[in-house]
2 protein chains.
Amino acid sequence: MPEPIEFYFDFSSPYGYLASTRIDALAEKHGRSVTWRPFLLGVAFKATGQQPLVEQPLRGPYHRRDFARSARLLGVRFQLPEPFPFPSLAACRAFYWLTDRDPALAKALARAVYHAAFGLGRDMRAAEAVAEAAQPLGIDPAALLAAINDPPVKERLRVETEAALARGVFGSPFIIIDGEPFWGHDRLEQVDRWLATGGW
Amino acid sequence: MPEPIEFYFDFSSPYGYLASTRIDALAEKHGRSVTWRPFLLGVAFKATGQQPLVEQPLRGPYHRRDFARSARLLGVRFQLPEPFPFPSLAACRAFYWLTDRDPALAKALARAVYHAAFGLGRDMRAAEAVAEAAQPLGIDPAALLAAINDPPVKERLRVETEAALARGVFGSPFIIIDGEPFWGHDRLEQVDRWLATGGW
């Protein structure tokens, strides 16, 4: 049984959102599973000296256009929330609280948060917003809100983010297949080919 | 007759090199021509606050790997020159000196410079290196060396680079189709589709 593909992403990343709508089906086509690993892109930005895309001259306007254009090409609903980018601590912590017990449920929560943030353009900063997105999945809002403030859960996110950087992850989405790194939603065709051929 | 596609690039850009091997054939498939427009990416980086890719922590090692991997996928010979990145003033000026009189010859020179820099890994900073790459194309080395120091040619490159930034160009390669901007070698599949469909 081959190792799962690793899918690193930040909940405040539009390209991560787009990749999240495709990555599991793509892996499944090649008999592979996917481990989702949200992390805090802002920590990586501090290491690489990057600023959020939309805050950069010239690059900002281009990427606003490109987010929407790439979503239209996939037929994926897209709306940028306000504010953007947004701190995604609450969603990340909720994810890690769930994933050891029920990775499929944690993925479902991640998809619900992404859909709310970039499909509907909702403000997903607050723990309450994450709890609201989780409720239709049968996740108890009070338990989720408590978990988000639980020190071990906070520590887990810190460790996961550090581990991501230690593996060379600096952007979102970032996909690792058997040690081979691919950065960006625009590398998914290469990911597909790598899975089919084992490399080139 | 539709307007030519505009192909902006820096001679020190590996992804620009990769795109240069594909862009004309891609446009021709859709009955379009391509205007090549080298510019100084360093000036754009000053505007956007970027640093050269390979000088950035985490991003540098990834991109060295991705340059070579993307080239292998295309079956394009690739070797990174030393130093990298390199100032491409001489190549840019030689290009603009030629292009008004003979755009096909200017493209041939650009291809020769790109091949020397990234196909063979040669140091193409010096005017003499550009002149040497130009000679097999029947371009007089003495005339080219004189042109590179000609004030109107220098001014032309300055104006072209300013005009690129004014159009929103911030990276290499950067392709504009009927006003629609596409950044990156990894957008060529979208460029292909845009040319086929007129947009989505």
# chains A, B, ... in the order shown; residues from 1 in each chain; ligands from 1

$ closest_atom_pairs --of "chain B" --to "chain A" --cutoff "6 Å" --atoms "only C-alpha atoms" --output "tab-separated table"
residue	atom	partner	partner_atom	distance
B:Thr48	CA	A:Pro57	CA	5.2
B:Gln56	CA	A:Thr48	CA	5.8
B:Pro57	CA	A:Thr48	CA	5.2
B:Leu58	CA	A:Gly168	CA	5.5
B:Gly168	CA	A:Leu58	CA	5.5

$ write_last_selection --atoms "C-alpha atoms" --output "PDB file, in the first residue's frame"
ATOM      1  CA  THR B  48       6.474  44.511  -6.083  1.00  0.00           C
ATOM      2  CA  GLN B  56      14.690  33.088  -0.952  1.00  0.00           C
ATOM      3  CA  PRO B  57      14.707  30.539   1.879  1.00  0.00           C
ATOM      4  CA  LEU B  58      12.593  27.445   1.133  1.00  0.00           C
ATOM      5  CA  GLY B 168       0.684  45.300 -15.055  1.00  0.00           C
TER       6      GLY B 168
END

$ residues_around --residues "region 99-109 of chain B" --least-positions-apart "3" --cutoff "9 Å" --atoms "only C-alpha atoms" --output "NGL selection string"
:B and (35-36 or 91 or 94-96 or 112-114 or 130 or 133-134 or 137 or 139)

$ write_last_selection --atoms "all heavy atoms" --output "short mmCIF file (atom, residue, chain, number, x, y, z; two decimals), in the first residue's frame"
data_model
loop_
_atom_site.label_atom_id
_atom_site.label_comp_id
_atom_site.auth_asym_id
_atom_site.auth_seq_id
_atom_site.Cartn_x
_atom_site.Cartn_y
_atom_site.Cartn_z
N THR B 35 4.31 38.94 -30.37
CA THR B 35 5.31 39.99 -30.24
C THR B 35 6.12 39.71 -28.97
O THR B 35 5.54 39.59 -27.90
CB THR B 35 4.63 41.38 -30.11
OG1 THR B 35 3.83 41.60 -31.27
CG2 THR B 35 5.67 42.48 -30.00
N TRP B 36 7.43 39.60 -29.13
CA TRP B 36 8.29 39.33 -27.97
C TRP B 36 8.73 40.65 -27.36
O TRP B 36 9.12 41.59 -28.08
CB TRP B 36 9.51 38.51 -28.39
CG TRP B 36 9.19 37.07 -28.72
CD1 TRP B 36 8.04 36.58 -29.27
CD2 TRP B 36 10.07 35.94 -28.52
NE1 TRP B 36 8.13 35.21 -29.40
CE2 TRP B 36 9.36 34.79 -28.97
CE3 TRP B 36 11.36 35.79 -28.01
CZ2 TRP B 36 9.92 33.52 -28.92
CZ3 TRP B 36 11.91 34.51 -27.96
CH2 TRP B 36 11.19 33.39 -28.41
N ALA B 91 21.59 41.58 -23.56
CA ALA B 91 20.69 40.81 -24.44
C ALA B 91 19.44 41.61 -24.78
O ALA B 91 18.98 41.62 -25.93
CB ALA B 91 20.31 39.49 -23.77
N ALA B 94 20.32 44.39 -27.30
CA ALA B 94 20.56 43.81 -28.63
C ALA B 94 19.23 43.45 -29.29
O ALA B 94 19.01 43.69 -30.49
CB ALA B 94 21.44 42.57 -28.50
N PHE B 95 18.31 42.91 -28.50
CA PHE B 95 16.99 42.55 -29.04
C PHE B 95 16.27 43.77 -29.59
O PHE B 95 15.76 43.76 -30.72
CB PHE B 95 16.14 41.88 -27.95
CG PHE B 95 14.76 41.51 -28.44
CD1 PHE B 95 14.52 40.25 -28.95
CD2 PHE B 95 13.72 42.44 -28.41
CE1 PHE B 95 13.25 39.91 -29.42
CE2 PHE B 95 12.45 42.11 -28.88
CZ PHE B 95 12.22 40.84 -29.38
N TYR B 96 16.21 44.84 -28.79
CA TYR B 96 15.44 46.01 -29.24
C TYR B 96 16.12 46.74 -30.39
O TYR B 96 15.47 47.35 -31.23
CB TYR B 96 15.13 46.95 -28.06
CG TYR B 96 13.98 46.40 -27.24
CD1 TYR B 96 14.16 45.96 -25.94
CD2 TYR B 96 12.71 46.30 -27.80
CE1 TYR B 96 13.10 45.42 -25.21
CE2 TYR B 96 11.66 45.76 -27.08
CZ TYR B 96 11.85 45.33 -25.79
OH TYR B 96 10.81 44.79 -25.09
N ALA B 112 18.55 32.22 -29.33
CA ALA B 112 19.97 31.83 -29.22
C ALA B 112 20.52 32.19 -27.84
O ALA B 112 21.27 31.42 -27.23
CB ALA B 112 20.77 32.50 -30.33
N VAL B 113 20.14 33.37 -27.33
CA VAL B 113 20.61 33.79 -26.00
C VAL B 113 20.02 32.87 -24.93
O VAL B 113 20.73 32.39 -24.03
CB VAL B 113 20.24 35.26 -25.72
CG1 VAL B 113 20.49 35.61 -24.25
CG2 VAL B 113 21.03 36.20 -26.64
N TYR B 114 18.72 32.60 -25.03
CA TYR B 114 18.08 31.72 -24.05
C TYR B 114 18.70 30.32 -24.09
O TYR B 114 18.94 29.70 -23.05
CB TYR B 114 16.58 31.61 -24.33
CG TYR B 114 15.69 32.40 -23.39
CD1 TYR B 114 14.44 32.86 -23.82
CD2 TYR B 114 16.06 32.66 -22.06
CE1 TYR B 114 13.59 33.55 -22.96
CE2 TYR B 114 15.21 33.35 -21.21
CZ TYR B 114 13.98 33.80 -21.66
OH TYR B 114 13.14 34.48 -20.81
N VAL B 130 26.72 37.91 -25.90
CA VAL B 130 25.54 38.08 -26.75
C VAL B 130 25.97 38.17 -28.21
O VAL B 130 25.36 37.55 -29.10
CB VAL B 130 24.73 39.33 -26.32
CG1 VAL B 130 23.56 39.56 -27.26
CG2 VAL B 130 24.24 39.17 -24.87
N ALA B 133 26.73 34.76 -29.55
CA ALA B 133 25.51 33.99 -29.84
C ALA B 133 24.83 34.51 -31.10
O ALA B 133 24.13 33.76 -31.79
CB ALA B 133 24.55 34.07 -28.65
N ALA B 134 25.05 35.79 -31.41
CA ALA B 134 24.39 36.42 -32.56
C ALA B 134 25.09 36.11 -33.88
O ALA B 134 24.45 36.07 -34.94
CB ALA B 134 24.33 37.93 -32.35
N LEU B 137 23.87 33.81 -36.63
CA LEU B 137 22.63 34.28 -37.27
C LEU B 137 22.92 35.33 -38.34
O LEU B 137 21.99 35.89 -38.93
CB LEU B 137 21.68 34.86 -36.22
CG LEU B 137 21.30 33.93 -35.07
CD1 LEU B 137 20.57 34.69 -33.97
CD2 LEU B 137 20.41 32.79 -35.61
N ILE B 139 24.50 38.20 -37.72
CA ILE B 139 24.45 39.54 -37.12
C ILE B 139 25.89 39.98 -36.86
O ILE B 139 26.66 39.26 -36.21
CB ILE B 139 23.64 39.52 -35.81
CG1 ILE B 139 22.21 39.09 -36.08
CG2 ILE B 139 23.69 40.90 -35.14
CD1 ILE B 139 21.43 38.66 -34.84
#

$ residues_around --residues "Pro141 (chain B)" --least-positions-apart "6" --cutoff "8 Å" --atoms "only C-alpha atoms" --output "list of chain:residue names"
B:Ala131, B:Glu132, B:Ala134, B:Gln135
